[in-house]
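A.B. asks: What follows is the file structure_30.cif, containing mmCIF, C-alpha atoms:
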```cif
data_final
#
loop_
_atom_site.label_atom_id
_atom_site.label_comp_id
_atom_site.auth_asym_id
_atom_site.auth_seq_id
_atom_site.Cartn_x
_atom_site.Cartn_y
_atom_site.Cartn_z
CA TYR A 1 -21.51 -4.52 14.00
CA MET A 2 -20.24 -2.70 10.91
CA GLY A 3 -22.63 -0.09 9.57
CA LYS A 4 -25.99 -1.82 9.19
CA ALA A 5 -24.49 -5.31 9.17
CA LYS A 6 -23.80 -7.80 11.90
CA VAL A 7 -20.51 -9.57 11.16
CA VAL A 8 -20.11 -13.12 12.47
CA LEU A 9 -16.83 -15.03 12.36
CA GLU A 10 -17.51 -18.73 11.82
CA PRO A 11 -15.15 -21.73 11.76
CA VAL A 12 -13.89 -22.32 8.24
CA GLY A 13 -14.47 -26.07 8.60
CA VAL A 14 -12.21 -29.11 8.66
CA ILE A 15 -8.57 -28.09 8.30
CA GLY A 16 -5.96 -30.33 6.72
CA ILE A 17 -2.62 -29.75 8.45
CA ILE A 18 0.53 -30.88 6.65
CA THR A 19 3.78 -30.44 8.56
CA PRO A 20 7.52 -30.88 7.81
CA TRP A 21 10.10 -33.08 9.49
CA ASN A 22 12.39 -30.38 10.84
CA ALA A 23 10.05 -29.22 13.65
CA SER A 24 7.04 -31.52 13.91
CA TYR A 25 5.97 -30.68 17.45
CA SER A 26 6.10 -26.89 17.07
CA GLN A 27 4.50 -26.83 13.64
CA ILE A 28 1.62 -29.08 14.68
CA ALA A 29 1.10 -27.17 17.94
CA ALA A 30 1.08 -23.76 16.24
CA LYS A 31 -1.46 -24.82 13.63
CA LEU A 32 -3.59 -26.69 16.17
CA ALA A 33 -3.80 -23.68 18.49
CA SER A 34 -5.41 -21.49 15.83
CA ALA A 35 -7.66 -24.23 14.47
CA ILE A 36 -9.03 -25.32 17.85
CA ALA A 37 -9.48 -21.72 19.04
CA ALA A 38 -11.48 -21.03 15.88
CA GLY A 39 -13.70 -24.06 16.50
CA CYS A 40 -12.34 -26.18 13.64
CA THR A 41 -11.57 -29.88 13.63
CA VAL A 42 -8.35 -31.03 11.99
CA VAL A 43 -6.80 -33.88 10.05
CA ILE A 44 -3.02 -33.87 10.44
CA LYS A 45 -0.57 -35.39 7.97
CA PRO A 46 2.77 -35.17 9.80
CA SER A 47 6.09 -35.90 8.16
CA GLU A 48 6.96 -39.58 8.08
CA LEU A 49 10.58 -38.64 8.88
CA SER A 50 10.01 -37.40 12.46
CA ALA A 51 7.46 -39.83 13.88
CA ILE A 52 8.68 -39.82 17.50
CA GLN A 53 7.93 -36.10 17.93
CA THR A 54 4.42 -36.59 16.57
CA GLN A 55 3.82 -39.65 18.74
CA LEU A 56 4.76 -37.83 21.96
CA LEU A 57 2.60 -34.84 21.09
CA MET A 58 -0.41 -36.99 20.27
CA GLU A 59 -0.03 -38.96 23.51
CA SER A 60 -0.09 -35.66 25.39
CA LEU A 61 -3.24 -34.51 23.58
CA ASP A 62 -4.88 -37.84 24.32
CA GLN A 63 -4.13 -37.44 28.03
CA ALA A 64 -5.69 -33.96 27.89
CA ASP A 65 -9.03 -35.63 27.04
CA ILE A 66 -9.57 -33.77 23.78
CA PRO A 67 -12.95 -35.01 22.46
CA ALA A 68 -12.71 -37.85 19.95
CA GLY A 69 -12.74 -36.71 16.34
CA VAL A 70 -11.46 -33.19 16.96
CA ILE A 71 -7.80 -34.02 16.25
CA ASN A 72 -7.11 -36.75 13.72
CA ILE A 73 -3.81 -38.13 12.43
CA ILE A 74 -3.23 -39.83 9.09
CA ASN A 75 0.29 -41.11 8.45
CA GLY A 76 1.78 -41.47 5.01
CA THR A 77 3.77 -39.71 2.35
CA GLY A 78 2.92 -36.33 0.91
CA ASP A 79 2.36 -37.53 -2.63
CA VAL A 80 -0.32 -39.96 -1.40
CA VAL A 81 -1.91 -38.75 1.85
CA GLY A 82 -1.05 -35.08 1.43
CA ALA A 83 -2.41 -35.10 -2.11
CA GLU A 84 -5.67 -36.69 -0.95
CA LEU A 85 -6.16 -34.06 1.75
CA THR A 86 -5.47 -31.36 -0.81
CA ARG A 87 -8.18 -32.52 -3.22
CA HIS A 88 -10.76 -33.96 -0.78
CA PRO A 89 -14.03 -31.98 -0.90
CA ASP A 90 -14.66 -32.29 2.85
CA ILE A 91 -11.45 -30.46 3.71
CA ALA A 92 -12.17 -26.72 3.81
CA MET A 93 -8.63 -25.44 4.29
CA ILE A 94 -5.03 -26.61 4.00
CA SER A 95 -2.36 -25.31 6.38
CA PHE A 96 1.02 -26.35 5.06
CA THR A 97 4.62 -25.81 6.12
CA GLY A 98 7.39 -27.10 3.89
CA SER A 99 9.29 -26.45 0.70
CA THR A 100 8.29 -23.87 -1.87
CA HIS A 101 8.23 -26.61 -4.51
CA VAL A 102 5.62 -28.66 -2.64
CA GLY A 103 3.72 -25.50 -1.69
CA LYS A 104 3.22 -24.75 -5.38
CA ILE A 105 1.92 -28.28 -5.96
CA ILE A 106 -0.58 -27.85 -3.11
CA ARG A 107 -1.71 -24.47 -4.44
CA HIS A 108 -2.47 -26.07 -7.79
CA GLY A 109 -4.19 -28.96 -6.02
CA VAL A 110 -6.77 -26.86 -4.17
CA ILE A 111 -8.09 -25.11 -7.28
CA ASP A 112 -11.00 -27.48 -7.97
CA THR A 113 -12.41 -27.25 -4.43
CA MET A 114 -11.38 -23.60 -3.81
CA LYS A 115 -9.97 -24.42 -0.39
CA ARG A 116 -8.64 -21.74 1.92
CA LEU A 117 -4.88 -21.96 2.08
CA THR A 118 -1.97 -20.92 4.26
CA LEU A 119 1.54 -21.75 3.11
CA GLU A 120 4.71 -21.26 5.15
CA LEU A 121 7.48 -22.12 2.74
CA GLY A 122 11.21 -21.87 2.18
CA GLY A 123 13.66 -19.05 2.72
CA LYS A 124 17.10 -17.72 1.90
CA SER A 125 17.28 -15.30 4.78
CA PRO A 126 19.72 -12.37 4.73
CA ASN A 127 21.63 -11.32 7.83
CA ILE A 128 22.97 -7.76 7.52
CA ILE A 129 25.73 -6.67 9.87
CA LEU A 130 26.02 -2.88 9.82
CA ASP A 131 29.42 -1.26 10.23
CA ASP A 132 28.52 0.10 13.67
CA ALA A 133 27.77 -3.37 15.13
CA ASP A 134 29.95 -5.18 17.64
CA PHE A 135 31.46 -7.75 15.28
CA ASN A 136 32.82 -9.87 18.14
CA LYS A 137 29.19 -10.56 19.06
CA ALA A 138 27.44 -10.22 15.72
CA VAL A 139 29.55 -12.69 13.72
CA PRO A 140 29.37 -15.63 16.18
CA LEU A 141 25.65 -14.86 16.47
CA ALA A 142 25.37 -15.01 12.67
CA VAL A 143 26.97 -18.46 12.67
CA LYS A 144 24.50 -19.59 15.32
CA ILE A 145 21.56 -18.22 13.32
CA ALA A 146 22.74 -20.00 10.18
CA TYR A 147 23.34 -23.32 11.92
CA GLY A 148 20.19 -23.52 14.06
CA ASN A 149 18.60 -26.98 13.91
CA SER A 150 21.76 -28.10 12.09
CA GLY A 151 20.96 -25.60 9.35
CA GLN A 152 17.73 -27.46 8.60
CA SER A 153 15.53 -24.44 9.24
CA CYS A 154 13.38 -22.28 6.98
CA ILE A 155 14.50 -19.13 8.83
CA ALA A 156 18.23 -19.95 8.79
CA GLY A 157 20.23 -16.77 8.18
CA SER A 158 22.23 -18.42 5.42
CA ARG A 159 23.33 -15.20 3.66
CA LEU A 160 25.64 -13.05 5.81
CA ILE A 161 25.97 -9.56 4.32
CA VAL A 162 28.87 -7.55 5.74
CA PRO A 163 30.91 -4.40 4.97
CA ARG A 164 33.54 -5.15 2.34
CA HIS A 165 36.37 -3.46 4.23
CA ARG A 166 35.79 -5.78 7.22
CA LEU A 167 35.66 -9.06 5.31
CA GLU A 168 38.95 -10.42 6.68
CA GLU A 169 37.80 -9.73 10.23
CA VAL A 170 34.47 -11.45 9.54
CA LYS A 171 36.22 -14.49 8.07
CA ARG A 172 38.50 -14.79 11.10
CA LEU A 173 35.62 -14.49 13.57
CA ALA A 174 33.37 -16.87 11.62
CA LYS A 175 36.10 -19.50 11.37
CA ALA A 176 36.79 -19.29 15.11
CA ALA A 177 33.06 -19.61 15.87
CA VAL A 178 32.73 -22.69 13.68
CA GLU A 179 35.84 -24.29 15.17
CA ALA A 180 34.19 -24.04 18.60
CA ILE A 181 31.09 -25.91 17.44
CA LYS A 182 30.66 -29.58 18.28
CA VAL A 183 29.25 -31.81 15.58
CA GLY A 184 28.01 -35.17 16.77
CA ASP A 185 25.36 -37.13 18.63
CA PRO A 186 22.34 -34.83 19.19
CA ARG A 187 21.61 -36.62 22.46
CA GLU A 188 24.77 -35.13 23.96
CA LYS A 189 24.07 -31.74 25.56
CA ASP A 190 27.06 -29.93 24.08
CA THR A 191 26.31 -30.98 20.51
CA VAL A 192 25.35 -28.06 18.27
CA ILE A 193 25.08 -29.78 14.88
CA GLY A 194 23.71 -33.28 14.44
CA PRO A 195 23.28 -35.38 11.30
CA MET A 196 21.18 -34.44 8.31
CA VAL A 197 17.74 -36.03 8.41
CA THR A 198 18.30 -38.52 5.55
CA GLY A 199 20.92 -39.71 3.12
CA LYS A 200 19.12 -37.73 0.41
CA GLN A 201 19.45 -34.53 2.42
CA TYR A 202 23.12 -35.25 3.16
CA ASN A 203 23.84 -35.72 -0.53
CA ASN A 204 21.95 -32.54 -1.39
CA VAL A 205 24.03 -30.47 1.05
CA GLN A 206 27.21 -32.05 -0.34
CA ARG A 207 26.09 -31.06 -3.83
CA TYR A 208 25.70 -27.42 -2.77
CA ILE A 209 29.10 -27.36 -1.07
CA LYS A 210 30.69 -28.73 -4.23
CA LEU A 211 28.83 -26.15 -6.34
CA GLY A 212 30.06 -23.34 -4.10
CA MET A 213 33.65 -24.39 -4.69
CA GLU A 214 33.15 -24.92 -8.42
CA GLU A 215 31.52 -21.52 -8.87
CA GLY A 216 34.45 -19.72 -7.26
CA ALA A 217 33.45 -19.05 -3.66
CA GLU A 218 36.29 -19.01 -1.12
CA LEU A 219 36.12 -21.90 1.34
CA VAL A 220 36.82 -20.47 4.80
CA ILE A 221 36.17 -23.66 6.73
CA GLY A 222 34.41 -26.98 6.21
CA GLY A 223 33.93 -28.44 2.77
CA GLU A 224 32.88 -31.75 1.30
CA GLY A 225 32.77 -35.03 3.18
CA HIS A 226 32.26 -36.07 6.79
CA PRO A 227 33.81 -34.38 9.83
CA GLU A 228 36.78 -36.26 11.23
CA GLY A 229 35.66 -39.11 13.46
CA LEU A 230 32.09 -39.04 12.13
CA GLU A 231 32.50 -41.06 8.97
CA GLN A 232 29.37 -43.09 9.75
CA GLY A 233 26.04 -41.30 9.48
CA TYR A 234 24.81 -38.24 7.65
CA PHE A 235 27.13 -35.72 9.31
CA VAL A 236 28.17 -32.62 7.34
CA LYS A 237 31.18 -30.41 7.96
CA PRO A 238 29.85 -27.01 9.10
CA THR A 239 30.89 -24.85 6.19
CA VAL A 240 31.52 -21.15 5.57
CA PHE A 241 32.07 -19.59 2.16
CA ALA A 242 33.37 -16.05 1.60
CA ASN A 243 33.49 -13.80 -1.46
CA VAL A 244 30.10 -15.18 -2.47
CA THR A 245 28.25 -13.21 -5.14
CA MET A 246 24.53 -13.15 -5.86
CA ASP A 247 24.95 -15.02 -9.15
CA MET A 248 26.20 -18.13 -7.31
CA THR A 249 23.84 -21.03 -6.62
CA ILE A 250 24.68 -21.08 -2.90
CA ALA A 251 23.51 -17.45 -2.65
CA ARG A 252 20.16 -18.09 -4.32
CA GLU A 253 18.90 -21.58 -3.41
CA GLU A 254 17.85 -22.91 -0.01
CA ILE A 255 20.45 -25.46 1.10
CA PHE A 256 18.86 -26.64 4.37
CA GLY A 257 22.16 -27.58 5.97
CA PRO A 258 25.01 -25.93 7.94
CA VAL A 259 26.37 -23.81 5.09
CA LEU A 260 26.90 -20.05 5.52
CA SER A 261 27.61 -17.72 2.59
CA ILE A 262 29.37 -14.40 3.25
CA LEU A 263 28.61 -11.56 0.82
CA THR A 264 29.97 -8.02 1.00
CA TYR A 265 28.63 -4.49 0.44
CA THR A 266 30.13 -1.02 0.21
CA THR A 267 27.01 1.02 1.04
CA GLU A 268 23.93 0.32 3.15
CA GLU A 269 21.82 0.85 0.05
CA GLU A 270 23.72 -1.97 -1.63
CA ALA A 271 23.21 -4.18 1.43
CA ILE A 272 19.44 -3.63 1.28
CA GLU A 273 19.34 -4.37 -2.46
CA MET A 274 21.34 -7.55 -1.89
CA ALA A 275 19.07 -8.66 0.96
CA ASN A 276 15.99 -8.20 -1.26
CA ASP A 277 17.56 -9.84 -4.32
CA THR A 278 15.87 -13.18 -3.74
CA SER A 279 12.66 -14.94 -4.68
CA TYR A 280 12.13 -15.64 -0.97
CA GLY A 281 10.93 -13.36 1.80
CA LEU A 282 10.49 -15.28 5.03
CA ALA A 283 12.99 -13.93 7.58
CA ALA A 284 15.78 -11.37 7.83
CA TYR A 285 18.31 -10.40 10.49
CA ILE A 286 20.07 -7.13 11.28
CA SER A 287 22.88 -6.31 13.73
CA SER A 288 23.60 -2.70 14.70
CA SER A 289 24.52 -0.65 17.76
CA SER A 290 21.65 1.70 16.82
CA LEU A 291 18.16 0.26 17.20
CA ASP A 292 16.75 3.22 15.27
CA LYS A 293 19.09 2.56 12.34
CA ALA A 294 18.27 -1.15 12.40
CA ASN A 295 14.54 -0.38 12.33
CA GLN A 296 15.04 1.95 9.36
CA ILE A 297 16.77 -0.87 7.49
CA ALA A 298 14.08 -3.35 8.59
CA SER A 299 11.36 -1.17 7.07
CA ARG A 300 12.99 -1.61 3.66
CA ILE A 301 13.52 -5.39 3.79
CA SER A 302 10.97 -7.50 1.88
CA SER A 303 10.41 -10.15 4.53
CA GLY A 304 7.63 -11.46 6.72
CA ILE A 305 9.71 -11.15 9.89
CA VAL A 306 12.83 -9.17 10.74
CA MET A 307 14.89 -9.88 13.87
CA ILE A 308 17.35 -7.36 15.28
CA ASN A 309 20.44 -8.01 17.41
CA GLY A 310 19.67 -11.64 18.16
CA ALA A 311 15.96 -11.31 18.89
CA GLY A 312 13.86 -14.36 18.06
CA PRO A 313 10.34 -14.64 16.63
CA GLU A 314 7.48 -13.41 18.83
CA MET A 315 4.90 -16.19 19.12
CA LYS A 316 1.98 -13.72 19.50
CA ALA A 317 2.94 -11.83 16.34
CA PRO A 318 2.20 -12.98 12.78
CA PHE A 319 4.63 -15.46 11.24
CA GLY A 320 4.91 -16.10 7.53
CA GLY A 321 6.56 -14.93 4.36
CA SER A 322 6.27 -12.77 1.29
CA LYS A 323 7.06 -13.62 -2.33
CA GLN A 324 7.76 -17.36 -2.71
CA SER A 325 8.04 -17.87 1.04
CA GLY A 326 4.33 -18.27 1.47
CA ILE A 327 0.75 -17.06 1.70
CA GLY A 328 -1.07 -16.08 4.89
CA ARG A 329 0.13 -15.94 8.48
CA GLU A 330 0.31 -18.12 11.57
CA TYR A 331 0.43 -17.38 15.33
CA GLY A 332 -1.66 -15.03 17.42
CA VAL A 333 -4.71 -13.19 16.15
CA TYR A 334 -3.49 -13.34 12.56
CA GLY A 335 -3.29 -17.13 12.65
CA LEU A 336 -6.74 -17.32 14.22
CA GLU A 337 -8.27 -15.15 11.52
CA GLU A 338 -6.98 -17.50 8.83
CA CYS A 339 -9.25 -20.21 10.30
CA LEU A 340 -12.38 -18.06 10.41
CA GLU A 341 -14.89 -17.21 7.69
CA PRO A 342 -16.59 -13.80 8.05
CA LYS A 343 -20.34 -13.68 7.45
CA SER A 344 -22.24 -10.39 7.11
CA ILE A 345 -25.91 -10.35 8.16
CA THR A 346 -28.22 -7.46 7.35
CA GLY A 347 -31.94 -7.24 8.03
CA TYR A 348 -34.96 -5.03 8.67
CA ASP A 349 -38.12 -5.48 10.70
CA LEU A 350 -41.24 -6.03 8.55
CA VAL A 351 -43.84 -3.26 8.78
#
```
What's the structure tokens form of this structure?
C.D. replies:
Amino acid sequence: YMGKAKVVLEPVGVIGIITPWNASYSQIAAKLASAIAAGCTVVIKPSELSAIQTQLLMESLDQADIPAGVINIINGTGDVVGAELTRHPDIAMISFTGSTHVGKIIRHGVIDTMKRLTLELGGKSPNIILDDADFNKAVPLAVKIAYGNSGQSCIAGSRLIVPRHRLEEVKRLAKAAVEAIKVGDPREKDTVIGPMVTGKQYNNVQRYIKLGMEEGAELVIGGEGHPEGLEQGYFVKPTVFANVTMDMTIAREEIFGPVLSILTYTTEEEAIEMANDTSYGLAAYISSSSLDKANQIASRISSGIVMINGAGPEMKAPFGGSKQSGIGREYGVYGLEECLEPKSITGYDLV
């Protein structure tokens, strides 16, 4: 009860779930958890590029005896099936994870039916290493954060922001960390970086690497072409650029591949400004020997989530972005509330 009103939270209705190829199982599961808990049925349009993950998850749900009609799958491309879900009048809400470009198309597409909408979109996440951090730990960790899921991750810490006077140390540590990484068959346990998802994605990453070199960034390791011995397939050389400036394309656009850009600052204020100088706001990372200092910096970063000293996302806490990284939140209570419609009821007894 709120004042004289009874407030009821009702299921929003049928939810259209559209998920990307880079993490089908986790994206579907996260969205399903909130939808089912809220009492909503769903129609899922998974990516056509990661069908095995979706198949295994759906077989598991089938074995769990979920009632028929609660969870529905429609396969197809985004411009056909995704577009139909977006405009269909019987779909009450769209929950989408993917690129900012497609997210904008979906936002336009729901106007006529005024659907509810959650969008978890792209990122160009900053990773600030403060001068008091242990660089022997923080720099290899930064490489790991940038190269997670072969760099094909919306929360990849692709912009490493470090003190200018320690740049040479950072370059040395980053190069050593990359040299220790195995690129190859993802079915082998010691492989860290596998192939890009498609030839199109491989070519796109190559384009960004070439742009980085053309625009004057210093190539620390990696570069264009295939790694030695992996000439077949969509394998990319894990790449690190140094002396990157914020006017370079590789500092501003999401690459979605194993490419790390190192930028430098002279003051912490400059580091914060650099971190926020982006149209994205999904994730950010900070390394420091002082948790209090790191939290002070975190409070000034425009980002949906901030992770300190190697911490990962908390699945019970809200996940999502600011600016062009999205609208709304997933996970936990916040994700549940996105799938509920509040109704206020007031009334008096007749006399």
A.B. asks: Could the residues of range 171-258 of chain A that have an atom at most 7 Å from range 124-137 of chain A be listed as CSV, each with its closest atom pair and the distance in Å to one decimal, counting all atoms listed in the file and ordered by chain and ascending residue number?
C.D. replies:
```
residue,atom,partner,partner_atom,distance
A:Arg252,CA,A:Lys124,CA,6.9
A:Glu253,CA,A:Lys124,CA,6.8
A:Glu254,CA,A:Lys124,CA,5.6
```
A.B. asks: Leaving out Val178 in chain A and any residue of its chain fewer than 2 positions from it, which residues lie within 12 Å of it when counting only C-alpha atoms, given as a PyMOL selection string?
C.D. replies: chain A and resi 139-144+146-147+171-176+180-183+192-193+220-222+237-241+258-260
A.B. asks: Which one of A:Ile145, A:Ala217, A:Ala156, A:Leu167 sits closest to Gly310 in chain A if you count all atoms listed in the file?
C.D. replies: A:Ile145
A.B. asks: Determine the residue set returned by the PyMOL selection byres ((chain A and resi 79-92) around 9) for the present structure, and present it as number ranges by chain.
C.D. replies: A: 12-18, 42-43, 45, 74-78, 93-94, 105-107, 109-117
A.B. asks: For Ser99 in chain A, which residue among A:Pro186, A:Gly212, A:Pro195, A:Gly123 is the nearest when counting all atoms listed in the file?
C.D. replies: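 Counting all atoms listed in the file, the residue closest to Ser99 in chain A is A:Gly123.
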A.B. asks: What is the distance between CA of Ala64 in chain A and CA of Ala35 in chain A, in Å to one decimal?
C.D. replies: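 About the pair CA of Ala64 in chain A and CA of Ala35 in chain A: they are 16.7 Å apart.
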A.B. asks: Calculate how many Å separate CA of Gly304 in chain A from CA of Gly326 in chain A, rounding to one decimal.
C.D. replies: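 These two atoms are separated by 9.2 Å.
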A.B. asks: What does the structure give for the distance between CA of Leu336 in chain A and CA of Leu49 in chain A, in Å to one decimal?
C.D. replies: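 About the pair CA of Leu336 in chain A and CA of Leu49 in chain A: they are 28.0 Å apart.
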A.B. asks: Name the residues captured by the PyMOL selection byres ((chain A and resi 122) around 7) when it is applied to the shown file; answer as a short mmCIF file (atom, residue, chain, number, x, y, z; two decimals) with C-alpha atoms, keeping the file's coordinate frame.
C.D. replies:
```cif
data_model
loop_
_atom_site.label_atom_id
_atom_site.label_comp_id
_atom_site.auth_asym_id
_atom_site.auth_seq_id
_atom_site.Cartn_x
_atom_site.Cartn_y
_atom_site.Cartn_z
CA GLY A 98 7.39 -27.10 3.89
CA SER A 99 9.29 -26.45 0.70
CA THR A 100 8.29 -23.87 -1.87
CA LEU A 121 7.48 -22.12 2.74
CA GLY A 123 13.66 -19.05 2.72
CA CYS A 154 13.38 -22.28 6.98
CA SER A 325 8.04 -17.87 1.04
#
```
A.B. asks: For the point (-8.0, -17.9, 12.1) in file coordinates, what residues are within 12 Å, counting all atoms listed in the file? Give the answer as a PyMOL selection string?
C.D. replies: chain A and resi 9-13+15+30-40+93+95+116-118+318+328-342
A.B. asks: Closest to Glu169 in chain A among A:Gln152, A:His108, A:Gly69, A:Ile262, using only C-alpha atoms?
C.D. replies: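 The answer is A:Ile262, which sits nearest to Glu169 in chain A.
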A.B. asks: Output the residue selection produced by the PyMOL selection byres ((chain A and resi 297) around 10) on the file above, formatted as a compact mmCIF listing (two decimals) with C-alpha atoms, keeping the file's coordinate frame.
C.D. replies:
```
# COMPACT_ATOMS: atom_id res chain seq x y z
CA ILE A 128 22.97 -7.76 7.52
CA LEU A 130 26.02 -2.88 9.82
CA GLU A 268 23.93 0.32 3.15
CA GLU A 269 21.82 0.85 0.05
CA ALA A 271 23.21 -4.18 1.43
CA ILE A 272 19.44 -3.63 1.28
CA ILE A 286 20.07 -7.13 11.28
CA LEU A 291 18.16 0.26 17.20
CA ASP A 292 16.75 3.22 15.27
CA LYS A 293 19.09 2.56 12.34
CA ALA A 294 18.27 -1.15 12.40
CA ASN A 295 14.54 -0.38 12.33
CA GLN A 296 15.04 1.95 9.36
CA ALA A 298 14.08 -3.35 8.59
CA SER A 299 11.36 -1.17 7.07
CA ARG A 300 12.99 -1.61 3.66
CA ILE A 301 13.52 -5.39 3.79
CA VAL A 306 12.83 -9.17 10.74
```
A.B. asks: Need to verify the contact set: Met307 in chain A, 8 Å, only C-alpha atoms, exclusion of same-chain residues closer than 3 positions in sequence. Can you return it as a list of chain:residue names?
C.D. replies: A:Ala283, A:Ala284, A:Tyr285, A:Ile286, A:Gly310, A:Ala311, A:Gly312, A:Pro313
A.B. asks: Neighbouring residues of Met58 in chain A were defined as those with any atom within 10 Å, considering all atoms listed in the file; residues of the same chain fewer than 2 positions away were excluded. Please report them as a VMD selection string.
C.D. replies: chain A and resid 25 28 52 to 56 60 to 64 71 to 73
A.B. asks: Output file request: range 302-308 of chain A, with all heavy atoms, as a PDB file, in the first residue's frame.
C.D. replies:
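Saved file decode-v5.pdb follows:
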```pdb
ATOM      1  N   SER A 302      31.171   7.721 -15.639  1.00  0.00           N
ATOM      2  CA  SER A 302      29.836   7.578 -16.223  1.00  0.00           C
ATOM      3  C   SER A 302      29.713   6.190 -16.842  1.00  0.00           C
ATOM      4  O   SER A 302      30.050   5.986 -18.011  1.00  0.00           O
ATOM      5  CB  SER A 302      29.606   8.659 -17.283  1.00  0.00           C
ATOM      6  OG  SER A 302      29.693   9.948 -16.728  1.00  0.00           O
ATOM      7  N   SER A 303      29.264   5.250 -16.041  1.00  0.00           N
ATOM      8  CA  SER A 303      29.219   3.859 -16.488  1.00  0.00           C
ATOM      9  C   SER A 303      28.213   3.080 -15.656  1.00  0.00           C
ATOM     10  O   SER A 303      28.043   3.354 -14.464  1.00  0.00           O
ATOM     11  CB  SER A 303      30.610   3.233 -16.356  1.00  0.00           C
ATOM     12  OG  SER A 303      30.610   1.903 -16.807  1.00  0.00           O
ATOM     13  N   GLY A 304      27.561   2.121 -16.292  1.00  0.00           N
ATOM     14  CA  GLY A 304      26.572   1.317 -15.576  1.00  0.00           C
ATOM     15  C   GLY A 304      27.172   0.421 -14.526  1.00  0.00           C
ATOM     16  O   GLY A 304      26.554   0.166 -13.490  1.00  0.00           O
ATOM     17  N   ILE A 305      28.369  -0.109 -14.777  1.00  0.00           N
ATOM     18  CA  ILE A 305      29.060  -0.937 -13.796  1.00  0.00           C
ATOM     19  C   ILE A 305      30.530  -0.534 -13.749  1.00  0.00           C
ATOM     20  O   ILE A 305      31.102  -0.149 -14.763  1.00  0.00           O
ATOM     21  CB  ILE A 305      28.931  -2.452 -14.094  1.00  0.00           C
ATOM     22  CG1 ILE A 305      29.503  -2.790 -15.478  1.00  0.00           C
ATOM     23  CG2 ILE A 305      27.502  -2.928 -13.970  1.00  0.00           C
ATOM     24  CD1 ILE A 305      29.585  -4.283 -15.736  1.00  0.00           C
ATOM     25  N   VAL A 306      31.112  -0.605 -12.572  1.00  0.00           N
ATOM     26  CA  VAL A 306      32.533  -0.340 -12.381  1.00  0.00           C
ATOM     27  C   VAL A 306      33.114  -1.496 -11.578  1.00  0.00           C
ATOM     28  O   VAL A 306      32.559  -1.873 -10.536  1.00  0.00           O
ATOM     29  CB  VAL A 306      32.787   0.986 -11.642  1.00  0.00           C
ATOM     30  CG1 VAL A 306      34.287   1.224 -11.489  1.00  0.00           C
ATOM     31  CG2 VAL A 306      32.140   2.150 -12.380  1.00  0.00           C
ATOM     32  N   MET A 307      34.221  -2.058 -12.051  1.00  0.00           N
ATOM     33  CA  MET A 307      34.843  -3.209 -11.392  1.00  0.00           C
ATOM     34  C   MET A 307      36.254  -2.848 -10.960  1.00  0.00           C
ATOM     35  O   MET A 307      37.029  -2.308 -11.749  1.00  0.00           O
ATOM     36  CB  MET A 307      34.829  -4.416 -12.337  1.00  0.00           C
ATOM     37  CG  MET A 307      33.417  -4.940 -12.579  1.00  0.00           C
ATOM     38  SD  MET A 307      33.228  -5.973 -14.062  1.00  0.00           S
ATOM     39  CE  MET A 307      33.088  -4.711 -15.338  1.00  0.00           C
ATOM     40  N   ILE A 308      36.564  -3.135  -9.705  1.00  0.00           N
ATOM     41  CA  ILE A 308      37.813  -2.701  -9.093  1.00  0.00           C
ATOM     42  C   ILE A 308      38.720  -3.891  -8.811  1.00  0.00           C
ATOM     43  O   ILE A 308      38.269  -4.905  -8.275  1.00  0.00           O
ATOM     44  CB  ILE A 308      37.527  -1.926  -7.785  1.00  0.00           C
ATOM     45  CG1 ILE A 308      36.728  -0.643  -8.096  1.00  0.00           C
ATOM     46  CG2 ILE A 308      38.819  -1.578  -7.051  1.00  0.00           C
ATOM     47  CD1 ILE A 308      36.209   0.069  -6.861  1.00  0.00           C
TER      48      ILE A 308
END
```
